[in-house]
>>> print(open('input-v1.txt').read())   # compact mmCIF, C-alpha atoms and all ligand atoms
# COMPACT_ATOMS: atom_id res chain seq x y z
CA MET A 1 97.98 110.56 91.00
CA ILE A 2 100.92 112.86 91.42
CA VAL A 3 100.55 116.38 92.45
CA MET A 4 102.91 118.38 90.34
CA ASN A 5 102.42 121.97 91.17
CA ASP A 6 103.95 124.83 89.30
CA SER A 7 106.98 125.09 91.51
CA VAL A 8 107.78 121.43 90.92
CA LYS A 9 107.37 121.90 87.17
CA ARG A 10 109.62 124.91 87.26
CA ARG A 11 112.20 123.08 89.31
CA ARG A 12 112.27 120.40 86.65
CA GLY A 13 113.96 122.99 84.50
CA ALA A 14 116.87 123.21 86.89
CA ARG A 15 118.60 120.20 85.38
CA THR A 16 122.18 121.34 85.46
CA CYS A 17 122.16 121.88 89.16
CA ALA A 18 120.52 118.52 89.78
CA ALA A 19 122.95 116.79 87.46
CA LEU A 20 125.94 118.17 89.28
CA TRP A 21 124.57 117.12 92.58
CA LEU A 22 123.61 113.75 91.17
CA GLY A 23 127.18 112.89 90.41
CA MET A 24 127.86 113.15 94.10
CA THR A 25 124.94 111.14 95.38
CA LEU A 26 124.61 108.46 92.71
CA THR A 27 127.17 106.04 94.04
CA ALA A 28 125.39 105.87 97.34
CA VAL A 29 122.04 105.31 95.68
CA THR A 30 123.11 102.58 93.28
CA SER A 31 124.93 100.65 95.95
CA VAL A 32 121.65 100.26 97.80
CA ALA A 33 120.00 98.78 94.75
CA GLN A 34 119.41 95.07 94.86
CA GLY A 35 116.74 92.63 93.87
CA GLN A 36 114.50 92.78 90.87
CA LEU A 37 111.34 94.57 89.91
CA PRO A 38 108.36 92.22 89.99
CA ASP A 39 106.41 91.74 86.75
CA GLY A 40 103.19 93.66 86.32
CA PRO A 41 101.63 96.61 84.56
CA GLY A 42 103.93 99.59 84.84
CA LYS A 43 107.16 97.64 85.23
CA ASN A 44 108.59 98.71 81.89
CA THR A 45 107.65 102.34 82.40
CA THR A 46 109.24 102.26 85.84
CA LYS A 47 112.42 100.76 84.43
CA LYS A 48 112.52 103.34 81.67
CA VAL A 49 111.74 106.47 83.71
CA CYS A 50 113.28 105.53 87.04
CA GLY A 51 116.40 103.93 85.63
CA GLN A 52 117.67 107.17 84.10
CA CYS A 53 119.80 108.24 87.07
CA HIS A 54 120.07 105.32 89.41
CA SER A 55 119.03 101.74 89.00
CA ALA A 56 115.23 101.46 88.96
CA GLU A 57 115.65 98.69 91.52
CA VAL A 58 116.28 101.22 94.33
CA VAL A 59 112.60 100.86 95.09
CA VAL A 60 112.93 97.16 95.93
CA GLY A 61 112.47 96.47 99.61
CA LYS A 62 110.97 99.85 100.33
CA GLY A 63 107.37 100.02 101.47
CA LYS A 64 105.27 103.13 101.11
CA THR A 65 101.64 104.10 100.86
CA LYS A 66 100.38 105.27 97.49
CA GLU A 67 100.53 108.82 98.74
CA GLU A 68 104.14 108.43 99.86
CA TRP A 69 105.12 106.86 96.55
CA GLY A 70 103.46 109.82 94.86
CA GLN A 71 105.68 112.10 96.91
CA THR A 72 108.83 110.14 96.05
CA VAL A 73 107.99 110.17 92.36
CA GLY A 74 107.19 113.90 92.52
CA GLU A 75 110.56 114.44 94.16
CA MET A 76 112.30 112.47 91.40
CA ALA A 77 110.48 114.59 88.82
CA SER A 78 111.86 117.67 90.53
CA PHE A 79 115.34 116.13 90.24
CA GLY A 80 114.74 115.84 86.52
CA ALA A 81 113.07 112.46 85.96
CA GLU A 82 111.47 112.61 82.53
CA GLY A 83 108.09 111.15 81.78
CA THR A 84 104.53 112.09 80.88
CA GLU A 85 101.83 112.57 83.54
CA GLU A 86 100.41 109.19 82.47
CA GLU A 87 103.75 107.50 82.90
CA PHE A 88 104.22 108.98 86.36
CA ASP A 89 100.71 107.86 87.34
CA GLU A 90 101.44 104.38 86.04
CA ILE A 91 104.67 104.25 88.07
CA VAL A 92 102.97 105.36 91.28
CA ASP A 93 100.29 102.68 90.79
CA TYR A 94 102.92 100.05 90.08
CA LEU A 95 104.99 100.98 93.13
CA ALA A 96 102.02 101.23 95.46
CA LYS A 97 100.84 97.80 94.37
CA ASN A 98 104.19 96.03 94.48
CA PHE A 99 105.88 97.85 97.34
CA PRO A 100 103.12 98.63 99.80
CA LYS A 101 103.76 99.98 103.24
CA SER A 102 102.73 96.80 105.00
CA ALA A 103 105.32 94.71 103.17
CA ALA A 104 108.15 96.64 104.75
CA SER A 105 106.59 96.90 108.18
CA ASN A 106 105.74 93.17 108.13
CA LYS A 107 109.35 92.37 108.84
CA ILE A 108 109.60 94.41 112.00
CA LYS A 109 108.50 92.89 115.29
CA ILE A 110 106.63 95.04 117.71
CA ASN A 111 106.55 94.75 121.47
CA VAL A 112 102.96 95.29 122.50
CA ASN A 113 103.98 95.97 126.08
CA LYS A 114 106.47 98.68 125.24
CA ALA A 115 105.36 100.29 122.00
CA THR A 116 103.61 103.63 122.15
CA ALA A 117 100.16 104.10 120.62
CA LYS A 118 101.82 106.04 117.82
CA ASP A 119 103.98 103.04 116.93
CA LEU A 120 101.24 100.47 117.38
CA GLU A 121 98.83 102.27 115.08
CA PRO A 122 100.73 101.96 111.77
CA ALA A 123 102.52 98.73 112.66
CA LEU A 124 99.33 96.82 113.37
CA GLU A 125 97.18 98.86 111.01
CA LEU A 126 94.89 99.94 113.81
CA SER A 127 92.80 103.04 114.25
CA THR A 128 94.14 105.70 116.61
CA LYS A 129 91.44 104.74 119.11
CA GLU A 130 92.36 101.07 119.02
CA ALA A 131 96.05 101.78 119.52
CA GLN A 132 95.22 104.01 122.46
CA ALA A 133 92.92 101.35 123.90
CA ILE A 134 95.82 98.87 123.94
CA VAL A 135 98.05 101.27 125.83
CA GLN A 136 95.29 102.17 128.26
CA TYR A 137 94.49 98.54 128.96
CA ARG A 138 98.16 97.81 129.53
CA GLU A 139 98.45 100.71 131.98
CA GLN A 140 95.42 99.54 133.94
CA ASN A 141 95.95 95.77 133.88
CA GLY A 142 99.67 95.32 133.54
CA ALA A 143 101.64 93.80 130.67
CA PHE A 144 99.95 91.55 128.14
CA LYS A 145 101.04 87.95 128.41
CA SER A 146 99.47 86.49 125.31
CA LEU A 147 97.66 87.19 122.09
CA GLU A 148 94.44 85.98 123.69
CA GLU A 149 94.73 88.64 126.33
CA LEU A 150 95.48 91.33 123.77
CA LYS A 151 92.40 90.36 121.78
CA LYS A 152 90.21 91.10 124.79
CA VAL A 153 91.02 94.81 124.82
CA PRO A 154 87.68 96.62 124.66
CA GLY A 155 87.13 98.47 121.41
CA LEU A 156 89.84 96.57 119.56
CA ASP A 157 89.05 94.55 116.46
CA ALA A 158 90.57 91.18 117.42
CA LYS A 159 90.89 90.19 113.76
CA LYS A 160 93.41 92.95 113.18
CA VAL A 161 95.83 91.76 115.85
CA GLU A 162 95.23 88.13 114.89
CA ALA A 163 96.37 89.01 111.37
CA LYS A 164 99.63 90.42 112.73
CA LYS A 165 100.32 87.79 115.36
CA GLU A 166 103.62 86.74 113.77
CA ARG A 167 104.99 90.17 114.48
CA LEU A 168 103.95 90.56 118.10
CA ILE A 169 106.32 90.28 121.00
CA PHE A 170 105.01 90.11 124.56
C1 LIG B 1 116.96 112.79 87.36
C2 LIG B 1 117.54 111.71 88.09
C3 LIG B 1 116.61 110.75 88.79
C4 LIG B 1 115.60 110.01 88.22
C5 LIG B 1 115.21 109.91 86.76
C6 LIG B 1 114.99 109.26 89.30
N1 LIG B 1 115.64 109.50 90.47
FE1 LIG B 1 115.33 108.57 92.25
N2 LIG B 1 116.88 109.54 93.06
C7 LIG B 1 117.62 110.53 92.45
C8 LIG B 1 118.59 111.06 93.40
C9 LIG B 1 119.57 112.19 93.12
C10 LIG B 1 118.39 110.35 94.59
C11 LIG B 1 119.11 110.55 95.94
C12 LIG B 1 118.32 111.58 96.70
C13 LIG B 1 118.28 111.37 98.17
O1 LIG B 1 118.98 110.50 98.70
O2 LIG B 1 117.48 112.08 98.81
C14 LIG B 1 117.33 109.40 94.36
C15 LIG B 1 116.88 108.50 95.28
C16 LIG B 1 115.80 107.66 95.11
C17 LIG B 1 115.28 106.77 96.11
C18 LIG B 1 115.85 106.52 97.50
C19 LIG B 1 115.46 107.61 98.45
C20 LIG B 1 114.02 107.57 98.89
O3 LIG B 1 113.38 108.64 98.91
O4 LIG B 1 113.50 106.51 99.27
C21 LIG B 1 114.18 106.17 95.59
C22 LIG B 1 113.28 105.15 96.25
C23 LIG B 1 114.03 106.68 94.25
N3 LIG B 1 115.04 107.57 93.99
C24 LIG B 1 113.01 106.31 93.39
C25 LIG B 1 112.87 106.78 92.11
C26 LIG B 1 111.76 106.45 91.25
C27 LIG B 1 110.57 105.61 91.64
C28 LIG B 1 112.00 107.04 90.05
C29 LIG B 1 111.11 107.02 88.83
C30 LIG B 1 109.91 107.81 88.93
C31 LIG B 1 113.27 107.75 90.16
N4 LIG B 1 113.76 107.57 91.42
C32 LIG B 1 113.89 108.44 89.13
C33 LIG B 1 117.51 110.93 91.13
C34 LIG B 1 116.64 110.42 90.20
>>> encode(input="input-v1.txt", output="structure tokens")
Amino acid sequence: MIVMNDSVKRRRGARTCAALWLGMTLTAVTSVAQGQLPDGPGKNTTKKVCGQCHSAEVVVGKGKTKEEWGQTVGEMASFGAEGTEEEFDEIVDYLAKNFPKSAASNKIKINVNKATAKDLEPALELSTKEAQAIVQYREQNGAFKSLEELKKVPGLDAKKVEAKKERLIF
């Protein structure tokens, strides 16, 4: 679902301006492009609509929530990306499915003894309360030494940290 309000629709009319500006930014965008779009419903639409200005592969390696992809696609529409509402919806679904937030954040390691609750929350897919509980426990009991110790934090779902154990640094 993309929210395209009136101002976005109106801005889509401002092609000339966007086109001028595009000339300047395109080189930078295409040079980032690498990799290939995975197969799946929506791939062809994404190639068609998102390949008009830069390579459609710019999305590869990025990870966003469905909402964030909706925002990106809405932004591209305001730059002048052409497609029907259905096509834009299809693209957002395709991107959210193939380039989810967790895929990008899976690569980053996180130090459970140094990270703030704000960083722990999205990185380990915890609730705000759970992330705060980790920090509180650490402040009261000193640095965590192992995963086992981390799992004992009251109010924390041990399964969630177990699932991310590859990414944890103590
Ligand atoms: C009308 C031209 C145009 C079309 C069509 C277009 N884009 Fe873009 N796109 C741009 C421009 C210009 C930039 C650079 C803007 C910037 O760096 O903020 C960009 C940058 C991006 C970036 C990198 C910056 C970011 O926000 O992560 C992504 C990802 C992206 N586009 C995705 C898409 C997707 C998905 C589509 C298809 C729905 C699409 N683009 C279609 C013009 C376009």
>>> closest_residue(input="input-v1.txt", among="A:Ser127, A:Asn98, A:Thr84, A:Gln71", to="A:Gln36", atoms="all atoms listed in the file")
A:Asn98
>>> axis_aligned_box(input="input-v1.txt", around="stretch 158-162 of chain A", padding_each_side="4 Å", output="AutoDock Vina command-line options")
--center_x 93.2 --center_y 90.5 --center_z 115.3 --size_x 13.3 --size_y 12.8 --size_z 12.2
>>> closest_residue(input="input-v1.txt", among="A:Cys53, A:Met76, A:Val153, A:Ile110", to="A:Tyr137", atoms="all atoms listed in the file")
A:Val153
>>> residues_near_ligand(input="input-v1.txt", ligand="ligand LIG 1 (chain B)", cutoff="7 Å", atoms="all atoms listed in the file", output="PyMOL selection string")
chain A and resi 22+25-26+29+46+49-54+56+58-59+72-73+76-77+79-82+88+91
>>> atom_distance(input="input-v1.txt", atom1="atom CA of A:Gly35", atom2="atom CA of A:Tyr94")
16.1 Å
>>> closest_residue(input="input-v1.txt", among="A:Glu130, A:Gln140, A:Thr45, A:Glu86", to="A:Lys118", atoms="all atoms listed in the file")
A:Glu130
>>> residues_around(input="input-v1.txt", residues="A:Lys64", least_positions_apart="3", cutoff="12 Å", atoms="only C-alpha atoms", output="list in words")
Val59, Val60, Gly61, Glu67, Glu68, Trp69, Gly70, Gln71, Thr72, Val73, Val92, Asp93, Tyr94, Leu95, Ala96, Lys97, Asn98, Phe99, Pro100, Lys101, Ser102, Ala103, Ala104, Ser105 and Pro122 of chain A
>>> write_last_selection(input="input-v1.txt", atoms="C-alpha atoms", output="PDB file, in the coordinates of the input")
ATOM      1  CA  VAL A  59     112.600 100.860  95.090  1.00  0.00           C
ATOM      2  CA  VAL A  60     112.930  97.160  95.930  1.00  0.00           C
ATOM      3  CA  GLY A  61     112.470  96.470  99.610  1.00  0.00           C
ATOM      4  CA  GLU A  67     100.530 108.820  98.740  1.00  0.00           C
ATOM      5  CA  GLU A  68     104.140 108.430  99.860  1.00  0.00           C
ATOM      6  CA  TRP A  69     105.120 106.860  96.550  1.00  0.00           C
ATOM      7  CA  GLY A  70     103.460 109.820  94.860  1.00  0.00           C
ATOM      8  CA  GLN A  71     105.680 112.100  96.910  1.00  0.00           C
ATOM      9  CA  THR A  72     108.830 110.140  96.050  1.00  0.00           C
ATOM     10  CA  VAL A  73     107.990 110.170  92.360  1.00  0.00           C
ATOM     11  CA  VAL A  92     102.970 105.360  91.280  1.00  0.00           C
ATOM     12  CA  ASP A  93     100.290 102.680  90.790  1.00  0.00           C
ATOM     13  CA  TYR A  94     102.920 100.050  90.080  1.00  0.00           C
ATOM     14  CA  LEU A  95     104.990 100.980  93.130  1.00  0.00           C
ATOM     15  CA  ALA A  96     102.020 101.230  95.460  1.00  0.00           C
ATOM     16  CA  LYS A  97     100.840  97.800  94.370  1.00  0.00           C
ATOM     17  CA  ASN A  98     104.190  96.030  94.480  1.00  0.00           C
ATOM     18  CA  PHE A  99     105.880  97.850  97.340  1.00  0.00           C
ATOM     19  CA  PRO A 100     103.120  98.630  99.800  1.00  0.00           C
ATOM     20  CA  LYS A 101     103.760  99.980 103.240  1.00  0.00           C
ATOM     21  CA  SER A 102     102.730  96.800 105.000  1.00  0.00           C
ATOM     22  CA  ALA A 103     105.320  94.710 103.170  1.00  0.00           C
ATOM     23  CA  ALA A 104     108.150  96.640 104.750  1.00  0.00           C
ATOM     24  CA  SER A 105     106.590  96.900 108.180  1.00  0.00           C
ATOM     25  CA  PRO A 122     100.730 101.960 111.770  1.00  0.00           C
TER      26      PRO A 122
END
>>> residues_around(input="input-v1.txt", residues="stretch 157-159 of chain A", least_positions_apart="2", cutoff="12 Å", atoms="only C-alpha atoms", output="list in words")
Leu124, Glu125, Leu126, Ser127, Lys129, Glu130, Ala131, Ala133, Ile134, Leu147, Glu148, Glu149, Leu150, Lys151, Lys152, Val153, Pro154, Gly155, Val161, Glu162, Ala163, Lys164 and Lys165 of chain A
>>> atom_distance(input="input-v1.txt", atom1="atom CA of A:Lys145", atom2="atom CA of A:Lys107")
21.7 Å
>>> atom_distance(input="input-v1.txt", atom1="atom CA of A:Gly63", atom2="atom CA of A:Val112")
22.0 Å
>>> closest_residue(input="input-v1.txt", among="A:Lys47, A:Glu90, A:Asn113, A:Gly83", to="A:Ser146", atoms="only C-alpha atoms")
A:Asn113
>>> residues_around(input="input-v1.txt", residues="A:Lys109", least_positions_apart="4", cutoff="7 Å", atoms="all atoms listed in the file", output="list of chain:residue names")
A:Arg167, A:Leu168, A:Ile169
